[in-house]
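This is entry-v3.txt. It holds compact mmCIF, C-alpha atoms.
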# COMPACT_ATOMS: atom_id res chain seq x y z
CA MET A 180 70.49 131.18 101.23
CA LEU A 181 71.16 131.67 97.52
CA ASN A 182 74.86 132.33 98.16
CA ALA A 183 75.14 129.14 100.21
CA VAL A 184 73.56 127.13 97.40
CA GLN A 185 75.89 128.72 94.86
CA ARG A 186 78.95 127.93 96.99
CA LEU A 187 77.76 124.36 97.41
CA GLY A 188 77.26 124.02 93.67
CA LYS A 189 80.67 125.51 92.93
CA THR A 190 82.36 123.20 95.43
CA THR A 191 80.57 120.16 94.01
CA THR A 192 81.53 121.12 90.47
CA GLU A 193 85.19 121.51 91.48
CA ILE A 194 85.20 118.12 93.21
CA VAL A 195 83.69 116.40 90.16
CA ALA A 196 86.09 118.22 87.81
CA ASN A 197 89.13 117.32 89.92
CA PHE A 198 88.03 113.68 90.11
CA GLY A 199 87.62 113.57 86.35
CA ARG A 200 91.05 115.14 85.84
CA PHE A 201 92.61 112.66 88.26
CA SER A 202 90.90 109.78 86.43
CA ARG A 203 92.27 110.93 83.08
CA PHE A 204 95.71 111.42 84.59
CA SER A 205 95.64 107.95 86.18
CA GLY A 206 94.49 106.29 82.99
CA GLY A 207 97.19 107.99 80.96
CA THR A 208 99.91 107.21 83.50
CA ILE A 209 98.97 103.54 83.76
CA SER A 210 98.73 103.24 79.99
CA TRP A 211 102.15 104.78 79.43
CA ALA A 212 103.69 102.85 82.33
CA PHE A 213 102.70 99.38 81.17
CA GLY A 214 102.61 100.11 77.46
CA GLY A 215 106.23 101.21 77.42
CA LEU A 216 107.76 98.26 79.27
CA SER A 217 108.76 96.65 75.98
CA GLN A 218 111.07 99.56 75.15
CA TRP A 219 114.54 99.80 76.68
CA ARG A 220 114.47 103.61 76.77
CA ASN A 221 111.65 103.42 79.29
CA TRP A 222 113.54 100.96 81.51
CA ARG A 223 116.42 103.44 81.68
CA LEU A 224 113.95 105.85 83.27
CA ILE A 225 112.57 103.25 85.67
CA PHE A 226 115.78 101.88 87.23
CA PRO A 227 116.78 105.15 88.96
CA GLN A 228 113.29 105.30 90.48
CA PHE A 229 113.68 101.74 91.77
CA TRP A 230 116.74 102.93 93.67
CA GLU A 231 115.02 106.05 94.98
CA VAL A 232 111.77 104.38 96.00
CA GLY A 233 113.07 100.97 97.04
CA ALA A 234 116.66 101.00 98.26
CA ARG A 235 116.59 104.42 99.89
CA SER A 236 113.35 103.60 101.74
CA LEU A 237 114.73 100.37 103.18
CA PRO A 238 116.31 101.79 106.38
CA VAL A 239 113.06 103.56 107.28
CA VAL A 240 110.85 100.50 106.87
CA LEU A 241 113.34 98.24 108.68
CA LEU A 242 113.33 100.55 111.68
CA THR A 243 109.55 100.93 111.55
CA GLY A 244 108.92 97.19 111.36
CA THR A 245 111.27 96.45 114.24
CA PHE A 246 109.62 98.90 116.60
CA VAL A 247 106.11 97.83 115.56
CA GLY A 248 106.82 94.22 116.53
CA MET A 249 108.43 95.32 119.79
CA VAL A 250 105.54 97.62 120.71
CA ILE A 251 102.93 94.92 120.06
CA ALA A 252 104.89 92.52 122.26
CA VAL A 253 105.16 95.03 125.11
CA GLN A 254 101.47 95.97 124.91
CA THR A 255 100.10 92.43 124.77
CA TYR A 256 102.44 90.47 127.05
CA ALA A 257 100.70 91.38 130.33
CA GLU A 258 97.26 90.31 129.07
CA PHE A 259 98.53 87.01 127.70
CA PHE A 260 100.59 86.31 130.81
CA ASN A 261 97.61 86.93 133.11
CA VAL A 262 95.55 84.24 131.36
CA GLY A 263 98.45 81.80 131.07
CA LEU A 264 98.95 82.17 127.32
CA ALA A 265 102.31 83.94 127.25
CA ASN A 266 103.87 81.16 125.14
CA GLN A 267 101.29 81.85 122.41
CA LEU A 268 102.19 85.51 122.16
CA GLY A 269 104.05 84.98 118.88
CA SER A 270 100.84 84.05 117.11
CA ILE A 271 99.08 87.37 117.71
CA ILE A 272 102.22 89.42 117.05
CA ASN A 273 103.12 87.76 113.78
CA VAL A 274 99.64 87.54 112.31
CA SER A 275 99.04 91.22 113.15
CA VAL A 276 102.28 92.31 111.53
CA VAL A 277 102.08 90.13 108.43
CA ARG A 278 98.40 90.63 107.70
CA GLU A 279 97.76 94.23 108.67
CA LEU A 280 100.42 96.42 110.26
CA GLY A 281 103.30 95.54 107.94
CA PRO A 282 101.67 96.62 104.66
CA VAL A 283 99.88 99.62 106.17
CA LEU A 284 102.97 101.04 107.87
CA ALA A 285 105.15 100.34 104.84
CA GLY A 286 102.61 102.29 102.80
CA VAL A 287 102.54 105.17 105.28
CA MET A 288 106.34 105.35 105.35
CA LEU A 289 106.45 105.28 101.55
CA ALA A 290 103.82 108.03 101.39
CA GLY A 291 105.82 110.18 103.78
CA ARG A 292 109.32 109.63 102.43
CA VAL A 293 108.70 109.03 98.74
CA GLY A 294 105.28 110.55 98.11
CA GLY A 295 106.28 113.97 99.38
CA SER A 296 109.51 113.83 97.41
CA LEU A 297 107.71 112.95 94.19
CA THR A 298 105.18 115.74 94.63
CA ALA A 299 107.85 118.32 95.43
CA GLU A 300 110.05 117.26 92.53
CA LEU A 301 107.28 117.29 89.93
CA GLY A 302 105.72 120.42 91.42
CA THR A 303 109.01 122.25 91.09
CA MET A 304 109.27 121.11 87.49
CA ARG A 305 105.76 122.43 86.88
CA ILE A 306 106.28 125.90 88.33
CA THR A 307 109.61 126.24 86.45
CA GLU A 308 107.77 125.15 83.26
CA GLN A 309 109.98 122.12 82.65
CA ILE A 310 106.90 119.96 82.07
CA GLU A 311 105.66 122.37 79.39
CA ALA A 312 109.14 122.36 77.87
CA LEU A 313 108.94 118.58 77.47
CA ARG A 314 105.60 118.92 75.70
CA SER A 315 106.98 121.61 73.40
CA MET A 316 109.76 119.22 72.35
CA GLY A 317 107.25 116.53 71.48
CA ALA A 318 107.91 114.36 74.54
CA GLU A 319 105.11 112.97 76.68
CA PRO A 320 105.56 114.00 80.35
CA LEU A 321 103.40 111.12 81.57
CA ARG A 322 105.78 108.62 79.97
CA ILE A 323 108.96 110.32 81.09
CA LEU A 324 107.99 111.59 84.54
CA ALA A 325 104.84 109.96 85.92
CA GLY A 326 105.02 106.44 84.48
CA PRO A 327 108.44 105.42 85.88
CA ARG A 328 107.61 106.83 89.32
CA PHE A 329 104.26 105.07 89.39
CA LEU A 330 105.82 101.74 88.40
CA ALA A 331 108.55 102.12 91.03
CA CYS A 332 105.99 102.67 93.80
CA LEU A 333 103.85 99.82 92.50
CA LEU A 334 106.64 97.25 92.24
CA MET A 335 108.89 98.20 95.16
CA ILE A 336 106.38 98.39 98.00
CA PRO A 337 105.76 94.59 98.16
CA PHE A 338 109.49 94.10 98.81
CA LEU A 339 109.47 96.84 101.41
CA THR A 340 106.48 95.14 103.03
CA ILE A 341 108.37 91.84 103.21
CA TYR A 342 111.24 93.53 105.03
CA THR A 343 108.79 95.29 107.36
CA ASN A 344 107.17 91.95 108.17
CA LEU A 345 110.49 90.25 108.84
CA THR A 346 111.79 92.94 111.15
CA GLY A 347 108.43 93.12 112.93
CA VAL A 348 108.47 89.38 113.57
CA PHE A 349 112.02 89.43 114.89
CA GLY A 350 111.37 92.57 116.92
CA GLY A 351 108.50 90.80 118.66
CA TYR A 352 110.68 87.72 119.12
CA PHE A 353 113.39 89.76 120.81
CA ILE A 354 111.00 91.28 123.35
CA CYS A 355 109.11 88.05 124.04
CA VAL A 356 112.05 85.65 124.26
CA ASP A 357 115.02 87.74 125.35
CA ILE A 358 113.20 90.21 127.61
CA TYR A 359 110.13 88.37 128.94
CA GLY A 360 111.52 84.84 128.84
CA VAL A 361 108.95 83.23 126.54
CA ASN A 362 110.03 79.85 125.24
CA ALA A 363 111.52 80.33 121.75
CA ALA A 364 110.25 77.02 120.41
CA ASP A 365 106.69 77.85 121.54
CA TYR A 366 106.95 81.31 120.00
CA TRP A 367 107.66 79.88 116.54
CA ARG A 368 105.40 76.82 116.90
CA TYR A 369 102.27 78.81 117.72
CA SER A 370 103.16 81.37 115.07
CA ALA A 371 103.37 78.62 112.43
CA GLN A 372 99.98 77.28 113.52
CA VAL A 373 98.23 80.64 113.15
CA VAL A 374 99.98 82.45 110.28
CA GLU A 375 98.88 81.00 106.95
CA SER A 376 100.18 81.50 103.44
CA TRP A 377 96.96 83.39 102.80
CA ASP A 378 97.89 85.95 105.46
CA ILE A 379 101.18 86.63 103.71
CA PHE A 380 99.40 86.94 100.37
CA VAL A 381 96.85 89.34 101.84
CA GLY A 382 99.55 91.65 103.16
CA LEU A 383 101.43 91.71 99.86
CA ALA A 384 98.25 92.19 97.82
CA LYS A 385 97.25 95.16 99.96
CA SER A 386 100.69 96.72 99.63
CA PHE A 387 100.49 96.44 95.84
CA PHE A 388 97.36 98.62 95.80
CA PHE A 389 98.84 101.01 98.37
CA GLY A 390 101.91 101.56 96.21
CA GLY A 391 99.84 102.22 93.12
CA ALA A 392 97.67 104.76 94.94
CA ILE A 393 100.72 106.54 96.39
CA GLY A 394 102.38 106.79 92.97
CA LEU A 395 99.29 108.15 91.22
CA ILE A 396 98.26 110.64 93.90
CA SER A 397 101.77 111.99 94.47
CA CYS A 398 102.47 112.44 90.75
CA TYR A 399 99.05 113.99 90.15
CA LYS A 400 99.54 116.54 92.93
CA GLY A 401 102.94 117.44 91.50
CA PHE A 402 101.65 117.81 87.94
CA TYR A 403 98.77 120.09 88.96
CA CYS A 404 100.14 122.05 91.91
CA ALA A 405 99.57 125.79 92.18
CA ARG A 406 102.22 128.30 91.23
CA GLY A 407 104.91 129.41 93.64
CA ALA A 408 106.66 127.86 96.62
CA SER A 409 103.45 127.92 98.64
CA GLY A 410 101.72 125.93 95.90
CA VAL A 411 104.35 123.20 96.03
CA ALA A 412 104.19 123.10 99.83
CA ARG A 413 100.40 122.86 99.76
CA ALA A 414 100.54 120.11 97.14
CA CYS A 415 102.97 118.07 99.28
CA THR A 416 100.72 118.40 102.33
CA GLU A 417 97.55 117.54 100.42
CA GLY A 418 99.32 114.63 98.71
CA PHE A 419 100.37 113.05 102.00
CA VAL A 420 96.91 113.48 103.53
CA LEU A 421 95.23 111.96 100.49
CA ASN A 422 97.75 109.11 100.41
CA PHE A 423 97.08 108.31 104.04
CA ILE A 424 93.29 108.39 103.53
CA ALA A 425 93.65 106.24 100.40
CA ILE A 426 95.70 103.65 102.30
CA LEU A 427 93.10 103.36 105.06
CA ALA A 428 90.18 103.28 102.64
CA LEU A 429 91.82 100.66 100.43
CA ASP A 430 92.71 98.64 103.50
CA PHE A 431 89.05 98.58 104.55
CA PHE A 432 87.60 97.62 101.16
CA LEU A 433 90.34 95.09 100.42
CA ALA A 434 89.73 93.48 103.80
CA ILE A 435 86.09 92.93 102.86
CA LEU A 436 86.94 91.71 99.35
CA LEU A 437 89.74 89.35 100.39
CA GLY A 438 87.67 88.02 103.27
CA ALA A 439 84.87 87.19 100.84
CA ILE A 440 87.34 85.48 98.51
CA TYR A 441 88.75 83.41 101.37
CA GLU A 442 85.25 82.39 102.45
CA SER A 443 84.21 81.46 98.92
CA ILE A 444 87.28 79.22 98.47
CA TRP A 445 87.63 77.58 101.90
CA GLY A 446 84.18 78.20 103.36
CA VAL A 447 85.55 79.76 106.51
CA VAL A 448 85.36 83.42 107.47
CA THR A 449 88.76 84.99 108.14
CA LEU A 450 89.68 88.43 109.39
CA VAL A 451 91.88 90.28 106.91
If you convert what's in this file into structure tokens, what do you get?
Amino acid sequence: MLNAVQRLGKTTTEIVANFGRFSRFSGGTISWAFGGLSQWRNWRLIFPQFWEVGARSLPVVLLTGTFVGMVIAVQTYAEFFNVGLANQLGSIINVSVVRELGPVLAGVMLAGRVGGSLTAELGTMRITEQIEALRSMGAEPLRILAGPRFLACLLMIPFLTIYTNLTGVFGGYFICVDIYGVNAADYWRYSAQVVESWDIFVGLAKSFFFGGAIGLISCYKGFYCARGASGVARACTEGFVLNFIAILALDFFLAILLGAIYESIWGVVTLV
């Protein structure tokens, strides 16, 4: 019994210590990221990360968005057709993609393609002592390594979400109109009636938080990974799992928060 209590206490202490270390790391990264935007030398570090995080992730999110819209159309057409609402299928497809699936899947793709890469890159620099070498030369690793990567994830994911939404909408359009014969004018008309500007804002706002979480968690795991190749591999795995959990948790709490904001402004409850 005593050993079980001791193990529980040790585990709790480690969790609290790791959370405190992550909080300090996040605060320092955010401070360096935004505090250094006025200096050109920091922008020279950020632009390559924009290319890596944004441009190189574009093919993945375009393909993901297209198939998401197509799958929703295939899965929902029979139910809508059976109740005589096939022409309104565009409304459910587009509002689902824009409000929920677009930002979440863009975040998951970014966590898988970019998050793992960031963790592996920084983890390799840690085990080869390159991070310590930067400190010994008087440079701040958070400014040089973590800050630019965090900003790239934070600023690029809304654009990736927009592309995911667009391809999802047109993927659903292709299946509904070209495959199932839904009237194209009805597809867009009912979509315009249901999808509001608020829905687009909700999706982009969620993606902003997803990108920030991915950048912080991935960089943190790389900075504090264990020694050796197995340590880097474990850090990459743990980073992706934590990113995925963070995306789902943030999606839940932001849905509640944004729904309350919508209700307080317009007096009508909306699902976000």
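Each of A:Ile336, A:Val277, A:Ala392, A:Leu284 was checked against Ala428 (chain A) using all atoms listed in the file; the smallest atom-to-atom distance is that of A:Ala392.
The nearest approach to Leu237 (chain A) among the residues A:Thr343, A:Asn422, A:Ser409, A:Gln372, with only C-alpha atoms taken into account, belongs to A:Thr343.
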(Q) Report, in Å with one decimal, the straight-line distance from CA of Leu268 (chain A) to CA of Ile379 (chain A). (A)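 Separating CA of Leu268 (chain A) from CA of Ile379 (chain A) is a distance of 18.5 Å.
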At most 8 Å from (104.5, 121.0, 88.6), file frame, all atoms listed in the file: which residues, as a PDB file with C-alpha atoms, in the frame of the given file?
ATOM      1  CA  GLU A 300     110.050 117.260  92.530  1.00  0.00           C
ATOM      2  CA  LEU A 301     107.280 117.290  89.930  1.00  0.00           C
ATOM      3  CA  GLY A 302     105.720 120.420  91.420  1.00  0.00           C
ATOM      4  CA  THR A 303     109.010 122.250  91.090  1.00  0.00           C
ATOM      5  CA  MET A 304     109.270 121.110  87.490  1.00  0.00           C
ATOM      6  CA  ARG A 305     105.760 122.430  86.880  1.00  0.00           C
ATOM      7  CA  ILE A 306     106.280 125.900  88.330  1.00  0.00           C
ATOM      8  CA  THR A 307     109.610 126.240  86.450  1.00  0.00           C
ATOM      9  CA  GLU A 308     107.770 125.150  83.260  1.00  0.00           C
ATOM     10  CA  ILE A 310     106.900 119.960  82.070  1.00  0.00           C
ATOM     11  CA  LYS A 400      99.540 116.540  92.930  1.00  0.00           C
ATOM     12  CA  GLY A 401     102.940 117.440  91.500  1.00  0.00           C
ATOM     13  CA  PHE A 402     101.650 117.810  87.940  1.00  0.00           C
ATOM     14  CA  TYR A 403      98.770 120.090  88.960  1.00  0.00           C
ATOM     15  CA  CYS A 404     100.140 122.050  91.910  1.00  0.00           C
ATOM     16  CA  ALA A 405      99.570 125.790  92.180  1.00  0.00           C
ATOM     17  CA  VAL A 411     104.350 123.200  96.030  1.00  0.00           C
TER      18      VAL A 411
END
Given the choices A:Ala285, A:Ile424, A:Leu280, A:Leu395, which gets closest to Gly206 (chain A) if the distance is worked out from all atoms listed in the file?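 Ranked by minimum distance to Gly206 (chain A), first place goes to A:Leu395.
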| task | Between CA of Thr340 (chain A) and CA of Val283 (chain A), measure the distance and give it in Å to one decimal. | result |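 Between CA of Thr340 (chain A) and CA of Val283 (chain A) the gap works out to 8.6 Å.
For the pair CA of Gly418 (chain A) and CA of Ser202 (chain A), the interatomic distance is 15.7 Å.
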Between A:Glu231, A:Glu375, A:Glu417, A:Asp365, smallest distance to Leu289 (chain A) by all atoms listed in the file belongs to A:Glu231
Next on the checklist: Please list as a list in words every residue within 10 Å of Gly207 (chain A), counting only C-alpha atoms and excluding residues in the same chain fewer than 5 positions away.
Outcome noted: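 Here the answer would be Phe201, Ser202, Ala212, Leu321, Arg322, Ala325 and Gly326 of chain A.
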Of A:Gly446, A:Gly410, A:Gly391, A:Gly350, the one nearest to Leu242 (chain A) when counting all atoms listed in the file is A:Gly350
Taking all atoms listed in the file into account, name the residue in A:Leu333, A:Val184, A:Val253, A:Ile341 that is nearest to Ile358 (chain A).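 Of A:Leu333, A:Val184, A:Val253, A:Ile341, the one nearest Ile358 (chain A) is A:Val253, counting all atoms listed in the file.
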Find the spatial neighbours of Phe432 (chain A), counting only C-alpha atoms, within a cut-off of 12 Å - ignore same-chain residues fewer than 5 positions away - and output them as a ChimeraX atom specification. /A:385,388,425-427,437-439,451
